[in-house]
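The file model-v2.cif contains mmCIF, C-alpha atoms:
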```cif
data_work
loop_
_atom_site.group_PDB
_atom_site.id
_atom_site.type_symbol
_atom_site.label_atom_id
_atom_site.label_comp_id
_atom_site.auth_asym_id
_atom_site.auth_seq_id
_atom_site.Cartn_x
_atom_site.Cartn_y
_atom_site.Cartn_z
ATOM 1 C CA MET A 1088 1.404 63.018 97.474
ATOM 2 C CA TYR A 1089 4.860 64.576 97.772
ATOM 3 C CA LEU A 1090 5.293 67.493 95.321
ATOM 4 C CA SER A 1091 2.025 66.594 93.559
ATOM 5 C CA GLN A 1092 1.009 70.273 93.651
ATOM 6 C CA PHE A 1093 3.672 70.904 90.991
ATOM 7 C CA ASN A 1094 3.827 70.077 87.304
ATOM 8 C CA THR A 1095 6.756 68.360 85.641
ATOM 9 C CA LYS A 1096 9.579 70.829 84.848
ATOM 10 C CA ASP A 1097 8.236 73.385 87.340
ATOM 11 C CA GLN A 1098 10.816 75.248 89.388
ATOM 12 C CA LEU A 1099 10.382 74.127 92.994
ATOM 13 C CA CYS A 1100 12.596 76.593 94.789
ATOM 14 C CA GLU A 1101 15.830 78.553 94.725
ATOM 15 C CA PHE A 1102 18.277 78.794 97.604
ATOM 16 C CA GLU A 1103 21.849 79.737 98.416
ATOM 17 C CA ILE A 1104 24.494 77.430 99.852
ATOM 18 C CA GLU A 1105 27.920 78.257 101.206
ATOM 19 C CA LEU A 1106 30.544 75.542 100.917
ATOM 20 C CA ASN A 1107 32.695 76.935 103.697
ATOM 21 C CA GLU A 1108 35.570 75.278 105.510
ATOM 22 C CA LYS A 1109 33.456 74.439 108.559
ATOM 23 C CA TYR A 1110 30.932 72.518 106.474
ATOM 24 C CA ILE A 1111 33.683 70.680 104.581
ATOM 25 C CA SER A 1112 35.430 69.819 107.857
ATOM 26 C CA ASP A 1113 32.169 68.628 109.467
ATOM 27 C CA TYR A 1114 31.413 66.533 106.382
ATOM 28 C CA TYR A 1115 34.788 64.820 106.440
ATOM 29 C CA ASN A 1116 34.696 64.233 110.175
ATOM 30 C CA SER A 1117 31.199 62.771 110.126
ATOM 31 C CA CYS A 1118 31.999 60.487 107.179
ATOM 32 C CA GLY A 1119 35.279 59.341 108.717
ATOM 33 C CA ILE A 1120 37.324 60.664 105.785
ATOM 34 C CA ASN A 1121 40.824 62.010 106.342
ATOM 35 C CA MET A 1122 41.078 65.697 105.498
ATOM 36 C CA HIS A 1123 43.098 66.640 102.450
ATOM 37 C CA ASN A 1124 44.689 69.787 101.095
ATOM 38 C CA TYR A 1125 42.677 70.147 97.906
ATOM 39 C CA GLN A 1126 41.127 73.577 97.509
ATOM 40 C CA TYR A 1127 38.079 72.258 95.667
ATOM 41 C CA VAL A 1128 34.700 70.856 96.657
ATOM 42 C CA PHE A 1129 34.110 67.232 95.698
ATOM 43 C CA PRO A 1130 30.815 66.140 94.127
ATOM 44 C CA THR A 1131 29.290 64.308 97.095
ATOM 45 C CA GLU A 1132 29.918 67.237 99.451
ATOM 46 C CA LEU A 1133 28.016 69.466 97.058
ATOM 47 C CA ALA A 1134 25.104 67.051 96.655
ATOM 48 C CA THR A 1135 24.780 66.470 100.404
ATOM 49 C CA LEU A 1136 24.625 70.165 101.293
ATOM 50 C CA SER A 1137 22.144 71.042 98.569
ATOM 51 C CA LEU A 1138 19.888 68.132 99.514
ATOM 52 C CA LYS A 1139 19.995 69.348 103.118
ATOM 53 C CA TYR A 1140 18.619 72.723 102.057
ATOM 54 C CA PHE A 1141 16.132 71.247 99.600
ATOM 55 C CA LEU A 1142 14.728 68.735 102.087
ATOM 56 C CA GLY A 1143 14.482 71.531 104.636
ATOM 57 C CA LYS A 1144 12.057 73.243 102.254
ATOM 58 C CA PHE A 1145 10.296 70.086 101.060
ATOM 59 C CA PRO A 1146 10.608 67.406 103.783
ATOM 60 C CA ILE A 1147 10.035 63.911 102.436
ATOM 61 C CA PRO A 1148 7.461 61.748 104.223
ATOM 62 C CA ASN A 1149 8.583 58.820 106.400
ATOM 63 C CA GLY A 1150 8.796 55.672 104.335
ATOM 64 C CA SER A 1151 10.400 57.425 101.372
ATOM 65 C CA ILE A 1152 13.380 55.725 99.736
ATOM 66 C CA HIS A 1153 16.258 57.445 97.954
ATOM 67 C CA THR A 1154 16.755 55.071 95.024
ATOM 68 C CA SER A 1155 19.383 56.764 92.861
ATOM 69 C CA GLN A 1156 21.602 59.816 92.671
ATOM 70 C CA GLU A 1157 23.498 61.637 89.966
ATOM 71 C CA ILE A 1158 25.873 64.533 90.522
ATOM 72 C CA GLU A 1159 28.153 66.244 88.036
ATOM 73 C CA ILE A 1160 30.596 69.107 88.394
ATOM 74 C CA TYR A 1161 31.304 70.968 85.157
ATOM 75 C CA CYS A 1162 34.155 73.107 86.437
ATOM 76 C CA PRO A 1163 36.095 73.393 89.705
ATOM 77 C CA ILE A 1164 34.250 74.842 92.703
ATOM 78 C CA GLU A 1165 36.548 76.304 95.317
ATOM 79 C CA ILE A 1166 35.986 75.742 99.017
ATOM 80 C CA GLY A 1167 34.345 78.896 100.365
ATOM 81 C CA SER A 1168 32.157 79.361 97.283
ATOM 82 C CA LYS A 1169 28.591 80.550 97.580
ATOM 83 C CA LEU A 1170 26.319 78.985 94.991
ATOM 84 C CA THR A 1171 22.741 79.503 93.935
ATOM 85 C CA CYS A 1172 20.808 76.260 93.652
ATOM 86 C CA VAL A 1173 17.675 76.041 91.540
ATOM 87 C CA ALA A 1174 15.544 72.945 92.041
ATOM 88 C CA PHE A 1175 13.102 71.589 89.476
ATOM 89 C CA LEU A 1176 10.613 68.747 89.422
ATOM 90 C CA ASP A 1177 12.248 66.796 86.626
ATOM 91 C CA SER A 1178 9.657 64.035 86.519
ATOM 92 C CA PHE A 1179 6.854 62.475 88.511
ATOM 93 C CA LYS A 1180 5.245 59.092 87.957
ATOM 94 C CA GLU A 1181 2.674 57.317 90.079
ATOM 95 C CA ILE A 1182 2.898 53.551 90.139
ATOM 96 C CA ARG A 1183 0.767 51.348 92.384
ATOM 97 C CA GLY A 1184 0.035 54.174 94.748
ATOM 98 C CA ARG A 1185 3.648 55.244 95.135
ATOM 99 C CA GLY A 1186 5.357 58.165 93.509
ATOM 100 C CA ILE A 1187 8.678 58.101 91.684
ATOM 101 C CA VAL A 1188 9.982 61.642 91.849
ATOM 102 C CA ILE A 1189 13.137 63.003 90.224
ATOM 103 C CA VAL A 1190 14.354 66.310 91.617
ATOM 104 C CA ASN A 1191 16.903 68.186 89.524
ATOM 105 C CA ILE A 1192 19.186 70.784 91.074
ATOM 106 C CA LYS A 1193 21.309 73.143 89.014
ATOM 107 C CA TYR A 1194 24.266 74.835 90.719
ATOM 108 C CA THR A 1195 25.063 78.311 89.501
ATOM 109 C CA LYS A 1196 27.429 81.152 90.308
ATOM 110 C CA SER A 1197 27.118 84.512 88.549
ATOM 111 C CA LYS A 1198 24.606 82.860 86.190
ATOM 112 C CA ASN A 1199 27.140 80.230 85.098
ATOM 113 C CA ILE A 1200 26.035 76.630 85.634
ATOM 114 C CA LEU A 1201 28.782 74.840 87.568
ATOM 115 C CA GLY A 1202 27.062 71.537 88.218
ATOM 116 C CA ASN A 1203 23.930 69.471 88.076
ATOM 117 C CA ALA A 1204 22.299 66.794 90.246
ATOM 118 C CA ASN A 1205 19.341 64.440 90.004
ATOM 119 C CA ALA A 1206 17.900 62.645 93.018
ATOM 120 C CA THR A 1207 15.311 59.909 92.514
ATOM 121 C CA LEU A 1208 12.934 59.355 95.411
ATOM 122 C CA LEU A 1209 10.293 56.688 95.890
ATOM 123 C CA VAL A 1210 7.607 58.278 98.041
ATOM 124 C CA PRO A 1211 4.544 56.746 99.680
ATOM 125 C CA SER A 1212 1.041 57.967 98.994
ATOM 126 C CA SER A 1213 -0.100 60.457 101.596
ATOM 127 C CA MET B 449 46.200 53.987 84.810
ATOM 128 C CA ASN B 450 44.703 51.654 82.187
ATOM 129 C CA GLU B 451 41.380 50.030 81.456
ATOM 130 C CA GLU B 452 40.785 47.201 83.950
ATOM 131 C CA THR B 453 42.937 48.959 86.578
ATOM 132 C CA LYS B 454 41.464 48.359 90.029
ATOM 133 C CA LEU B 455 41.461 51.283 92.434
ATOM 134 C CA LYS B 456 42.681 50.913 95.997
ATOM 135 C CA SER B 457 39.535 50.029 97.932
ATOM 136 C CA VAL B 458 38.121 51.655 101.061
ATOM 137 C CA GLU B 459 36.867 49.482 103.910
ATOM 138 C CA LYS B 460 35.386 50.768 107.131
ATOM 139 C CA VAL B 461 32.756 50.151 109.779
ATOM 140 C CA ILE B 462 30.102 52.841 110.024
ATOM 141 C CA THR B 463 29.262 53.341 113.677
ATOM 142 C CA LYS B 464 26.211 54.771 115.403
ATOM 143 C CA GLU B 465 28.266 57.817 116.406
ATOM 144 C CA MET B 466 29.273 58.455 112.772
ATOM 145 C CA VAL B 467 25.641 58.210 111.655
ATOM 146 C CA GLU B 468 24.541 60.654 114.363
ATOM 147 C CA ASN B 469 27.279 63.090 113.322
ATOM 148 C CA TYR B 470 26.298 62.694 109.679
ATOM 149 C CA ALA B 471 22.657 63.457 110.582
ATOM 150 C CA ASN B 472 23.843 66.745 112.100
ATOM 151 C CA THR B 473 25.924 67.581 109.021
ATOM 152 C CA SER B 474 23.299 66.617 106.452
ATOM 153 C CA GLY B 475 20.231 67.706 108.418
ATOM 154 C CA ASP B 476 18.657 64.304 107.698
ATOM 155 C CA TYR B 477 17.112 63.159 110.978
ATOM 156 C CA ASN B 478 14.853 60.523 109.453
ATOM 157 C CA PRO B 479 14.211 58.133 112.385
ATOM 158 C CA ILE B 480 15.088 55.128 110.228
ATOM 159 C CA HIS B 481 18.713 56.241 110.617
ATOM 160 C CA ILE B 482 18.882 57.289 114.248
ATOM 161 C CA ASP B 483 15.926 55.938 116.262
ATOM 162 C CA GLU B 484 16.532 52.287 117.096
ATOM 163 C CA ASP B 485 13.023 51.709 118.522
ATOM 164 C CA TYR B 486 11.338 53.171 115.453
ATOM 165 C CA ALA B 487 13.679 51.399 113.032
ATOM 166 C CA ARG B 488 13.030 48.002 114.677
ATOM 167 C CA SER B 489 9.338 48.398 113.815
ATOM 168 C CA THR B 490 10.099 48.792 110.093
ATOM 169 C CA ASP B 491 10.969 46.241 107.409
ATOM 170 C CA PHE B 492 14.656 47.030 108.020
ATOM 171 C CA LYS B 493 14.456 45.719 111.629
ATOM 172 C CA GLY B 494 17.009 48.264 112.763
ATOM 173 C CA THR B 495 18.684 51.542 111.927
ATOM 174 C CA ILE B 496 20.284 51.914 108.508
ATOM 175 C CA VAL B 497 22.994 54.251 107.254
ATOM 176 C CA HIS B 498 21.975 57.290 105.163
ATOM 177 C CA GLY B 499 22.339 56.579 101.436
ATOM 178 C CA MET B 500 24.290 59.786 100.905
ATOM 179 C CA PHE B 501 26.668 58.728 103.678
ATOM 180 C CA LEU B 502 27.335 55.501 101.775
ATOM 181 C CA ILE B 503 28.255 57.357 98.603
ATOM 182 C CA SER B 504 30.739 59.451 100.560
ATOM 183 C CA SER B 505 32.859 56.292 100.658
ATOM 184 C CA ILE B 506 32.951 56.328 96.839
ATOM 185 C CA SER B 507 34.176 59.901 96.949
ATOM 186 C CA GLU B 508 36.733 58.909 99.597
ATOM 187 C CA MET B 509 38.067 56.175 97.324
ATOM 188 C CA LEU B 510 38.251 58.536 94.348
ATOM 189 C CA ILE B 511 39.957 61.265 96.391
ATOM 190 C CA GLN B 512 42.589 58.730 97.470
ATOM 191 C CA ASN B 513 43.100 57.315 93.974
ATOM 192 C CA ILE B 514 42.394 60.250 91.657
ATOM 193 C CA GLY B 515 42.762 63.415 93.713
ATOM 194 C CA ALA B 516 41.953 66.852 92.364
ATOM 195 C CA ASN B 517 40.610 65.655 88.989
ATOM 196 C CA TRP B 518 37.706 64.090 90.866
ATOM 197 C CA ALA B 519 36.791 67.533 92.212
ATOM 198 C CA LYS B 520 37.421 69.456 89.015
ATOM 199 C CA SER B 521 35.264 67.399 86.667
ATOM 200 C CA GLY B 522 33.675 64.576 88.659
ATOM 201 C CA LYS B 523 30.449 62.879 87.638
ATOM 202 C CA LEU B 524 28.804 60.160 89.692
ATOM 203 C CA LYS B 525 25.747 58.142 88.744
ATOM 204 C CA ILE B 526 24.667 55.449 91.177
ATOM 205 C CA LYS B 527 21.738 53.308 92.245
ATOM 206 C CA PHE B 528 21.061 52.318 95.823
ATOM 207 C CA LYS B 529 20.496 48.549 95.850
ATOM 208 C CA ASN B 530 20.386 47.573 99.509
ATOM 209 C CA PRO B 531 20.701 49.346 102.857
ATOM 210 C CA LEU B 532 23.612 48.987 105.272
ATOM 211 C CA ARG B 533 22.770 48.404 108.919
ATOM 212 C CA VAL B 534 24.436 50.781 111.350
ATOM 213 C CA GLY B 535 27.515 49.155 112.878
ATOM 214 C CA GLU B 536 28.330 47.080 109.805
ATOM 215 C CA GLU B 537 31.273 47.272 107.404
ATOM 216 C CA ILE B 538 31.181 48.846 103.947
ATOM 217 C CA ILE B 539 33.657 47.875 101.245
ATOM 218 C CA THR B 540 34.022 50.292 98.328
ATOM 219 C CA GLU B 541 35.731 49.261 95.117
ATOM 220 C CA GLY B 542 36.313 50.686 91.670
ATOM 221 C CA LYS B 543 37.645 49.476 88.335
ATOM 222 C CA ILE B 544 38.507 51.608 85.305
ATOM 223 C CA SER B 545 36.261 50.492 82.453
ATOM 224 C CA LYS B 546 36.920 53.001 79.677
ATOM 225 C CA ILE B 547 39.473 55.657 78.772
ATOM 226 C CA VAL B 548 38.593 57.873 75.819
ATOM 227 C CA LYS B 549 40.739 60.651 74.411
ATOM 228 C CA ASP B 550 38.806 63.488 72.782
ATOM 229 C CA ASN B 551 39.196 67.170 71.968
ATOM 230 C CA ASN B 552 38.782 68.107 75.626
ATOM 231 C CA GLY B 553 41.413 65.707 76.969
ATOM 232 C CA THR B 554 40.879 62.256 78.396
ATOM 233 C CA LEU B 555 37.581 61.039 79.802
ATOM 234 C CA VAL B 556 37.931 58.188 82.298
ATOM 235 C CA THR B 557 35.002 55.972 83.275
ATOM 236 C CA CYS B 558 35.146 53.813 86.389
ATOM 237 C CA GLU B 559 32.669 51.214 87.582
ATOM 238 C CA VAL B 560 32.091 51.710 91.308
ATOM 239 C CA MET B 561 30.478 49.419 93.825
ATOM 240 C CA CYS B 562 29.840 49.307 97.564
ATOM 241 C CA SER B 563 29.094 46.041 99.336
ATOM 242 C CA ASP B 564 28.781 44.779 102.882
ATOM 243 C CA ASN B 565 30.998 42.120 104.408
ATOM 244 C CA ASN B 566 28.676 39.400 103.079
ATOM 245 C CA ARG B 567 29.347 40.800 99.578
ATOM 246 C CA LYS B 568 25.760 41.995 99.256
ATOM 247 C CA ILE B 569 25.786 44.949 96.839
ATOM 248 C CA LEU B 570 24.680 48.198 98.455
ATOM 249 C CA ILE B 571 25.433 50.620 95.630
ATOM 250 C CA SER B 572 26.519 50.261 92.016
ATOM 251 C CA GLY B 573 27.179 52.806 89.334
ATOM 252 C CA THR B 574 29.759 54.748 87.394
ATOM 253 C CA ALA B 575 32.099 57.626 88.089
ATOM 254 C CA GLN B 576 33.709 59.759 85.401
ATOM 255 C CA TRP B 577 36.354 62.457 85.412
ATOM 256 C CA ARG B 578 38.676 64.204 83.004
ATOM 257 C CA GLU B 579 42.429 64.038 83.029
#
```
Can you give me the file's structure in the form of structure tokens?
Amino acid sequence: MYLSQFNTKDQLCEFEIELNEKYISDYYNSCGINMHNYQYVFPTELATLSLKYFLGKFPIPNGSIHTSQEIEIYCPIEIGSKLTCVAFLDSFKEIRGRGIVIVNIKYTKSKNILGNANATLLVPSS
Amino acid sequence: MNEETKLKSVEKVITKEMVENYANTSGDYNPIHIDEDYARSTDFKGTIVHGMFLISSISEMLIQNIGANWAKSGKLKIKFKNPLRVGEEIITEGKISKIVKDNNGTLVTCEVMCSDNNRKILISGTAQWRE
């Protein structure tokens, strides 16, 4: 089953993301949101890009369902920032042959934690 | 802004082209979102919009109503309740539920909700920010 080779609280991976102007522009265009002049990254832009990188490393099986999402920014993140993302298996439960997986991602820059996200996924048995 | 204040809502139709563009931006090419033939064979009976695309409409509403404070200290906690079929309308609404002053300033809590044009709830949750 998805991520079953890991134990709860294990670090899954670490990766870098760059929240550059092109990504922000692509995000706004694809979501049909009018561009604005704020110099900061908004929470959903951050979560979307980090999930892109995470799911590139750990693709979820077809039939998986994203059931909930949390994202928090502790202090402003400027557009153009490069962040280090560290992903952990926050919890894993198996219920009736399906897995409920919570992936936690911490966003850091120069060892300071700037934000935190939790994605809950319902995954089928493999 | 006071408790019970309703935010200006966001209403829009999410088209197939937008979903395809979002797949390129997010890297999420799950066929349930972009392959009509595959999606018809599933319980959804058609393509559905990415969940993370739906929550972008919450951010859009908060950018319009709150602005930079949403970026500087935003927290969003939501549950996905139902999918939205591609080509359908999403309506995103918010209502301030709590304003608390503390040593770090003012913490605002807002109940947020997305629904389709039949008022079926797609997403519900809370957003918080500091002022």
Can you turn the PyMOL selection byres ((chain A) within 7 of (chain B)) into a concrete residue list for this file, as a ChimeraX atom specification? /A:1113-1114,1117-1118,1120,1125,1127-1131,1135-1136,1139,1154-1163
So that all listed atoms of range 534-538 of chain B fit with 6 Å spare on each side, what axis-aligned box centre and edge lengths in Å, to one decimal, would you give as JSON?
```
{"center_x": 27.9, "center_y": 48.9, "center_z": 108.4, "size_x": 18.8, "size_y": 15.7, "size_z": 20.9}
```
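Between CA of Lys1198 in chain A and CA of Leu1170 in chain A lies a distance of 9.8 Å.
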What's around Met1088 in chain A at 8 Å? Count only C-alpha atoms, leave out sequence neighbours fewer than 2 positions away in its own chain, and write the answer as JSON, numbers by chain. {"A": [1090, 1091, 1186, 1210, 1211, 1212, 1213]}
Take CA of Lys1096 in chain A and CA of Ala1174 in chain A and report the distance between them in Å, one decimal.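 Interatomic distance here is 9.6 Å.
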Env of range 552-563 of chain B: 7 Å cut, atoms = only C-alpha atoms, seq-sep filter 3 positions within chain, self excluded. Answer as an MDAnalysis selection string. chainID B and resid 538:549 567:579
Suppose you want the space between CA of Gly1119 in chain A and CA of Val497 in chain B; what is it in Å? 13.4 Å
I need the residue set behind the PyMOL selection byres ((chain A and resi 1180) around 12) for this file; please write it as a PDB file with C-alpha atoms, in the frame of the given file.
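This is the output file expr-v8.pdb:
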```pdb
ATOM      1  CA  MET A1088       1.404  63.018  97.474  1.00  0.00           C
ATOM      2  CA  TYR A1089       4.860  64.576  97.772  1.00  0.00           C
ATOM      3  CA  LEU A1090       5.293  67.493  95.321  1.00  0.00           C
ATOM      4  CA  SER A1091       2.025  66.594  93.559  1.00  0.00           C
ATOM      5  CA  ASN A1094       3.827  70.077  87.304  1.00  0.00           C
ATOM      6  CA  THR A1095       6.756  68.360  85.641  1.00  0.00           C
ATOM      7  CA  LEU A1176      10.613  68.747  89.422  1.00  0.00           C
ATOM      8  CA  ASP A1177      12.248  66.796  86.626  1.00  0.00           C
ATOM      9  CA  SER A1178       9.657  64.035  86.519  1.00  0.00           C
ATOM     10  CA  PHE A1179       6.854  62.475  88.511  1.00  0.00           C
ATOM     11  CA  GLU A1181       2.674  57.317  90.079  1.00  0.00           C
ATOM     12  CA  ILE A1182       2.898  53.551  90.139  1.00  0.00           C
ATOM     13  CA  ARG A1183       0.767  51.348  92.384  1.00  0.00           C
ATOM     14  CA  GLY A1184       0.035  54.174  94.748  1.00  0.00           C
ATOM     15  CA  ARG A1185       3.648  55.244  95.135  1.00  0.00           C
ATOM     16  CA  GLY A1186       5.357  58.165  93.509  1.00  0.00           C
ATOM     17  CA  ILE A1187       8.678  58.101  91.684  1.00  0.00           C
ATOM     18  CA  VAL A1188       9.982  61.642  91.849  1.00  0.00           C
ATOM     19  CA  ILE A1189      13.137  63.003  90.224  1.00  0.00           C
ATOM     20  CA  THR A1207      15.311  59.909  92.514  1.00  0.00           C
ATOM     21  CA  LEU A1208      12.934  59.355  95.411  1.00  0.00           C
ATOM     22  CA  LEU A1209      10.293  56.688  95.890  1.00  0.00           C
ATOM     23  CA  VAL A1210       7.607  58.278  98.041  1.00  0.00           C
ATOM     24  CA  PRO A1211       4.544  56.746  99.680  1.00  0.00           C
ATOM     25  CA  SER A1212       1.041  57.967  98.994  1.00  0.00           C
TER      26      SER A1212
END
```
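For the choices A:Leu1142, A:Ile1152, A:Leu1133, A:Ile1200, the atom-to-atom distance to Ile496 in chain B is smallest for A:Ile1152 when using all atoms listed in the file.
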Taking (16.3, 44.7, 109.1) in the coordinates of the supplied file, I want to know which residues reach to within 12 Å of it, counting only C-alpha atoms; could you give the answer as a VMD selection string? chain B and resid 480 to 481 484 486 to 497 530 to 534
